[in-house]
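Take a look at the structure set out below.
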Number of protein chains: 2
Amino acid sequence: MPTAGHSGEVPAPSKRADAVRNQQKLLAAAAEVFVTSGVDAPIREIATRAGVGMGTIYRHFPTRADLVVAVFRHQVEACAEAGPSLLASAGSPLAALRQWIDLFVDFLVTKHGLANTVQPDSSGFTALHTYFLDRLLPVAEQLLDAAVDAGEIRPGTQPYELMRGIGNLCIGSDGDPRYDPRRLVALLLQGLQQPQTSRPE
Amino acid sequence: MPTAGHSGEVPAPSKRADAVRNQQKLLAAAAEVFVTSGVDAPIREIATRAGVGMGTIYRHFPTRADLVVAVFRHQVEACAEAGPSLLASAGSPLAALRQWIDLFVDFLVTKHGLANTVQPDSSGFTALHTYFLDRLLPVAEQLLDAAVDAGEIRPGTQPYELMRGIGNLCIGSDGDPRYDPRRLVALLLQGLQQPQTSRPE
DNA sequence: TTACGATACGGAACGCTGCTCCGCTTTACA
DNA sequence: TGTAAAGCGGAGCAGCGTTCCGTATCGTAA
């Protein structure tokens with residue numbers, strides 16, 4: 001094989017620069033549109049938002065499932081990388097956790113859409129799910145630990161339990177304007193905070 | 001209010017005969033088409049099969065969910081009524097059970113489609129589910145008991161467990177031509193039969 | 001730097017679908 | 001039997017997924 005890079009994410013032997021650019025633009029645009037309009041959003045809308053033509057999107061992602069899966073992996077990676085950097089840039093561990101969960105909720109739209117797009121009992125699905133857990137659980141743990149160490153939230157919360165709870169809160173969030181999972185997630189976070197952090201009214 | 005009928009299934013005060021006829025034709029046609037092409041089948045196909053126009057189907061069932069729910073209730077009723085009559089008409093209780101399960105599998109296509117059509121966590125959904133259980137469990141029990149009394153199948157099988165098992169076998173039956181739930185259901189029934197029915201090879 | 005083949009792009013066009021709307025038919029009732 | 005209302009049918013519209021091919025862009029070798 002020719003120069004395959006250094007075990008990066010793109011094993012393709014050689015790709016044109018504009019093709020790589022467009023793929024990135026499409027992933028970003030699709031992620032935004034999925035949050036706005038769900039995973040069933042018109043392909044045209046995604047192409048328009050990315051500033052590319054219909055042909056381009058179909059060349060990169062022949063089926064909708066291909067696109068959704070790619071966005072999923074991309075989001076997992078972005079979410080995982082955002083954890084440590086938020087911890088460094090945000091004012092406090094709690095602020096970092098809050099912002100990270102915000103990203104996480106956005107991302108869950110894609111994750112739940114996954115079940116409607118690819119066969120939920122296929123081998124590819126379980127592979128994605130384990131990837132999801134392996135990559136994100138340590139990040140959540142790191143953020144939680146930091147916030148606990150800073151005395152901003154009470155200790156004892158399991159990362160898996162929190163992620164699972166947030167995930168469940170976001171189920172069925174489409175179609176019902178009366179139900180806003182973000183409000184409930186915010187409540188959850190509120191409940192996590194130490195009593196002395198917020199003044200007793 | 002005018003004459004509201006006698007607490008039947010149709011609370012409409014007075015309906016034209018052809019309207020009632022068409023509604024029945026639509027329910028029957030939709031049921032067939034759902035089995036053939038799934039609950040996402042084109043509305044046109046259902047209208048054509050029923051021999052009515054597009055306007056008619058949309059007047060009776062404004063949304064796809066309305067149609068699916070109506071077919072569901074209709075199927076539950078038909079399935080429940082078929083139990084005793086099969087027991088009387090079929091050659092043996094086991095034959096009756098076999099034919100009834102055949103109906104039941106057809107019907108499950110609609111039931112699983114329900115989850116994709118109406119909100120699975122809505123109150124209407126749980127109401128339909130309890131209706132489903134209340135109406136069908138006794139029938140399954142009656143058929144099982146009869147077959148056990150006749151010595152055709154081994155005793156000890158719980159009706160709920162059987163129905164649940166058949167239901168699970170029928171999950172994800174769309175889209176994969178390699179997976180035919182009916183074969184597996186038949187195997188299940190085979191396993192239910194008394195050892196002495198089939199010669200021990 | 002230039003020229004050229006390969007690669008990727010864009011979007012018009014097609015077929016299929018859900019849904020509406022209105023002229024015509026059928027029904028029920030007096 | 002005559003008439004108003006209720007119901008019917010399907011053409012037509014808008015939106016979506018998907019394909020296809022002329023054109024633009026890129027990488028490379030001279």
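Identifiers in this document derive from the order of the structure tokens: chains are assigned A, B, ..., residues are numbered from 1 separately in each chain, and ligands are numbered from 1 in order of occurrence.
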Legend entry - Selection: 12 Å around DA29 in chain D, only C-alpha atoms (C1' of nucleotides), excl. self and same-chain fewer than 3 positions, as a list in words: DT1, DT2, DA3, DC4 and DG5 of chain C
Write the residues of the preceding selection, restricted to C-alpha atoms (C1' of nucleotides), as a compact mmCIF listing (two decimals), in the first residue's frame.
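Once everything was written out, this is selection.txt:
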# COMPACT_ATOMS: atom_id res chain seq x y z
C1' DT C 1 5.44 27.52 -14.54
C1' DT C 2 2.52 25.21 -17.61
C1' DA C 3 -0.25 21.59 -19.55
C1' DC C 4 -2.94 17.62 -19.01
C1' DG C 5 -5.38 13.64 -17.14
Sorted per-residue table, chain A near chain D, closest atoms and distance, 9 Å, only C-alpha atoms (C1' of nucleotides), as a Markdown table:
| residue | atom | partner | partner_atom | distance |
| --- | --- | --- | --- | --- |
| A:Arg16 | CA | D:DC26 | C1' | 6.7 |
| A:Ala17 | CA | D:DC26 | C1' | 7.7 |
| A:Asp18 | CA | D:DC26 | C1' | 8.0 |
| A:Pro42 | CA | D:DC16 | C1' | 6.9 |
| A:Ile43 | CA | D:DG17 | C1' | 7.8 |
| A:Arg44 | CA | D:DC16 | C1' | 8.7 |
| A:Gly55 | CA | D:DT19 | C1' | 8.7 |
| A:Tyr58 | CA | D:DT18 | C1' | 8.6 |
Output the selection as a short mmCIF file (atom, residue, chain, number, x, y, z; two decimals), in the first residue's frame - N, CA and C atoms for each residue.
data_model
loop_
_atom_site.label_atom_id
_atom_site.label_comp_id
_atom_site.auth_asym_id
_atom_site.auth_seq_id
_atom_site.Cartn_x
_atom_site.Cartn_y
_atom_site.Cartn_z
N ARG A 16 -8.16 14.10 -2.75
CA ARG A 16 -8.01 15.50 -3.11
C ARG A 16 -8.40 16.39 -1.94
N ALA A 17 -7.72 17.54 -1.88
CA ALA A 17 -7.93 18.42 -0.73
C ALA A 17 -9.37 18.89 -0.64
N ASP A 18 -9.96 19.26 -1.78
CA ASP A 18 -11.33 19.77 -1.73
C ASP A 18 -12.31 18.69 -1.29
N PRO A 42 -34.44 16.82 5.21
CA PRO A 42 -34.19 16.65 3.77
C PRO A 42 -32.70 16.74 3.46
N ILE A 43 -32.25 15.84 2.59
CA ILE A 43 -30.85 15.85 2.18
C ILE A 43 -30.47 17.21 1.60
N ARG A 44 -31.40 17.78 0.86
CA ARG A 44 -31.16 19.08 0.25
C ARG A 44 -30.76 20.13 1.28
N GLY A 55 -24.93 16.14 -5.67
CA GLY A 55 -24.04 15.07 -6.10
C GLY A 55 -22.94 14.81 -5.09
N TYR A 58 -24.06 12.77 -2.06
CA TYR A 58 -24.32 11.37 -2.38
C TYR A 58 -23.03 10.61 -2.69
#
Residues of chain C that have any atom at most 12 Å from an atom of chain B: could you tabulate them with the shortest-distance atom pair and the distance in Å to one decimal, using only C-alpha atoms (C1' of nucleotides), ordered by chain and increasing number, as a Markdown table?
| residue | atom | partner | partner_atom | distance |
| --- | --- | --- | --- | --- |
| C:DC16 | C1' | B:Pro42 | CA | 9.6 |
| C:DT17 | C1' | B:Pro42 | CA | 7.1 |
| C:DG18 | C1' | B:Ile43 | CA | 7.8 |
| C:DC19 | C1' | B:Tyr58 | CA | 8.4 |
| C:DT20 | C1' | B:Gly55 | CA | 8.5 |
| C:DC21 | C1' | B:Gly55 | CA | 9.2 |
| C:DC22 | C1' | B:Gly55 | CA | 10.9 |
| C:DT25 | C1' | B:Asp18 | CA | 11.8 |
| C:DT26 | C1' | B:Asp18 | CA | 8.4 |
| C:DT27 | C1' | B:Arg16 | CA | 6.8 |
| C:DA28 | C1' | B:Arg16 | CA | 8.0 |
Inset, instruction - Looking only at helix (DSSP H, G or I) from DSSP on the backbone, list the matching residues of range 68-185 of chain B as a ChimeraX atom specification. - result: /B:68-89,93-117,123-149,159-169,181-185
Inset, instruction - Pick out the closest residue to chain B from this set: A:Ala115, A:Asp149, A:Phe107, A:Asp180. Count only C-alpha atoms. - result: A:Ala115
Legend entry - Distance query range 75-88 of chain B at most 9 Å, only C-alpha atoms (C1' of nucleotides), self and fewer than 5 positions along chain excluded, as number ranges by chain: B: 31, 70, 93-97, 99-100, 103-104, 107, 110, 131-132, 135-140, 142-143, 146
Writer output for current selection, N, CA and C atoms, as a PDB file, in the first residue's frame:
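Ended up saving to selection-v7.pdb:
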ATOM      1  N   ALA B  31     -55.093  -3.562   6.167  1.00  0.00           N
ATOM      2  CA  ALA B  31     -54.527  -4.700   6.882  1.00  0.00           C
ATOM      3  C   ALA B  31     -53.708  -5.571   5.931  1.00  0.00           C
ATOM      4  N   ALA B  70     -56.691   2.391  13.836  1.00  0.00           N
ATOM      5  CA  ALA B  70     -57.984   1.774  13.527  1.00  0.00           C
ATOM      6  C   ALA B  70     -57.784   0.327  13.084  1.00  0.00           C
ATOM      7  N   PRO B  93     -57.743 -28.992  18.173  1.00  0.00           N
ATOM      8  CA  PRO B  93     -57.293 -27.794  18.888  1.00  0.00           C
ATOM      9  C   PRO B  93     -55.921 -27.322  18.416  1.00  0.00           C
ATOM     10  N   LEU B  94     -55.030 -28.264  18.124  1.00  0.00           N
ATOM     11  CA  LEU B  94     -53.697 -27.857  17.668  1.00  0.00           C
ATOM     12  C   LEU B  94     -53.777 -27.141  16.326  1.00  0.00           C
ATOM     13  N   ALA B  95     -54.611 -27.669  15.417  1.00  0.00           N
ATOM     14  CA  ALA B  95     -54.790 -27.003  14.128  1.00  0.00           C
ATOM     15  C   ALA B  95     -55.355 -25.612  14.326  1.00  0.00           C
ATOM     16  N   ALA B  96     -56.291 -25.490  15.249  1.00  0.00           N
ATOM     17  CA  ALA B  96     -56.875 -24.177  15.538  1.00  0.00           C
ATOM     18  C   ALA B  96     -55.800 -23.232  16.059  1.00  0.00           C
ATOM     19  N   LEU B  97     -54.989 -23.735  16.976  1.00  0.00           N
ATOM     20  CA  LEU B  97     -53.911 -22.917  17.536  1.00  0.00           C
ATOM     21  C   LEU B  97     -52.961 -22.463  16.434  1.00  0.00           C
ATOM     22  N   GLN B  99     -53.526 -22.112  13.205  1.00  0.00           N
ATOM     23  CA  GLN B  99     -54.136 -21.100  12.332  1.00  0.00           C
ATOM     24  C   GLN B  99     -54.273 -19.764  13.063  1.00  0.00           C
ATOM     25  N   TRP B 100     -54.560 -19.835  14.324  1.00  0.00           N
ATOM     26  CA  TRP B 100     -54.719 -18.596  15.090  1.00  0.00           C
ATOM     27  C   TRP B 100     -53.388 -17.856  15.163  1.00  0.00           C
ATOM     28  N   LEU B 103     -52.727 -15.939  12.095  1.00  0.00           N
ATOM     29  CA  LEU B 103     -53.397 -14.636  12.109  1.00  0.00           C
ATOM     30  C   LEU B 103     -52.623 -13.658  12.982  1.00  0.00           C
ATOM     31  N   PHE B 104     -52.211 -14.167  14.113  1.00  0.00           N
ATOM     32  CA  PHE B 104     -51.530 -13.333  15.103  1.00  0.00           C
ATOM     33  C   PHE B 104     -50.242 -12.741  14.523  1.00  0.00           C
ATOM     34  N   PHE B 107     -50.885  -9.974  12.207  1.00  0.00           N
ATOM     35  CA  PHE B 107     -51.321  -8.830  12.984  1.00  0.00           C
ATOM     36  C   PHE B 107     -50.156  -8.108  13.648  1.00  0.00           C
ATOM     37  N   THR B 110     -48.636  -5.042  12.052  1.00  0.00           N
ATOM     38  CA  THR B 110     -49.291  -3.780  12.366  1.00  0.00           C
ATOM     39  C   THR B 110     -48.908  -3.291  13.750  1.00  0.00           C
ATOM     40  N   TYR B 131     -55.362  -2.830  26.051  1.00  0.00           N
ATOM     41  CA  TYR B 131     -56.506  -3.375  25.319  1.00  0.00           C
ATOM     42  C   TYR B 131     -56.100  -4.658  24.615  1.00  0.00           C
ATOM     43  N   PHE B 132     -54.944  -4.585  23.983  1.00  0.00           N
ATOM     44  CA  PHE B 132     -54.384  -5.720  23.272  1.00  0.00           C
ATOM     45  C   PHE B 132     -54.233  -6.934  24.187  1.00  0.00           C
ATOM     46  N   ARG B 135     -57.638  -8.330  25.730  1.00  0.00           N
ATOM     47  CA  ARG B 135     -58.536  -8.985  24.781  1.00  0.00           C
ATOM     48  C   ARG B 135     -57.961 -10.314  24.283  1.00  0.00           C
ATOM     49  N   LEU B 136     -56.637 -10.364  24.100  1.00  0.00           N
ATOM     50  CA  LEU B 136     -56.054 -11.513  23.408  1.00  0.00           C
ATOM     51  C   LEU B 136     -55.522 -12.608  24.342  1.00  0.00           C
ATOM     52  N   LEU B 137     -55.096 -12.214  25.545  1.00  0.00           N
ATOM     53  CA  LEU B 137     -54.534 -13.225  26.443  1.00  0.00           C
ATOM     54  C   LEU B 137     -55.522 -14.338  26.758  1.00  0.00           C
ATOM     55  N   PRO B 138     -56.784 -14.025  27.105  1.00  0.00           N
ATOM     56  CA  PRO B 138     -57.738 -15.101  27.398  1.00  0.00           C
ATOM     57  C   PRO B 138     -57.935 -16.036  26.207  1.00  0.00           C
ATOM     58  N   VAL B 139     -57.925 -15.469  25.014  1.00  0.00           N
ATOM     59  CA  VAL B 139     -58.123 -16.315  23.822  1.00  0.00           C
ATOM     60  C   VAL B 139     -56.958 -17.291  23.670  1.00  0.00           C
ATOM     61  N   ALA B 140     -55.752 -16.762  23.809  1.00  0.00           N
ATOM     62  CA  ALA B 140     -54.584 -17.638  23.705  1.00  0.00           C
ATOM     63  C   ALA B 140     -54.650 -18.735  24.764  1.00  0.00           C
ATOM     64  N   GLN B 142     -57.293 -20.000  26.168  1.00  0.00           N
ATOM     65  CA  GLN B 142     -58.333 -20.962  25.814  1.00  0.00           C
ATOM     66  C   GLN B 142     -57.818 -21.963  24.770  1.00  0.00           C
ATOM     67  N   LEU B 143     -57.127 -21.454  23.779  1.00  0.00           N
ATOM     68  CA  LEU B 143     -56.602 -22.326  22.729  1.00  0.00           C
ATOM     69  C   LEU B 143     -55.545 -23.275  23.280  1.00  0.00           C
ATOM     70  N   ALA B 146     -57.163 -25.969  25.423  1.00  0.00           N
ATOM     71  CA  ALA B 146     -57.858 -26.975  24.616  1.00  0.00           C
ATOM     72  C   ALA B 146     -56.866 -27.970  24.016  1.00  0.00           C
TER      73      ALA B 146
END
Inset, instruction - Work out how far apart CA of Leu108 in chain B and CA of Thr126 in chain B are and give it in Å to one decimal. - result: 16.0 Å
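If you measure from each of A:Thr117, A:Asn22, A:Thr56, A:Ser37 to chain B using only C-alpha atoms, the closest one turns out to be A:Thr117.
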Inset, instruction - Identify which of the residues B:Leu144, B:Leu189, B:Arg64, B:Thr157 lies closest to Ala41 in chain B, counting only C-alpha atoms when measuring atom-to-atom distances. - result: B:Arg64
Inset, instruction - Find the distance between CA of Pro159 in chain B and CA of Leu133 in chain B and write it in Å to one decimal. - result: 10.6 Å
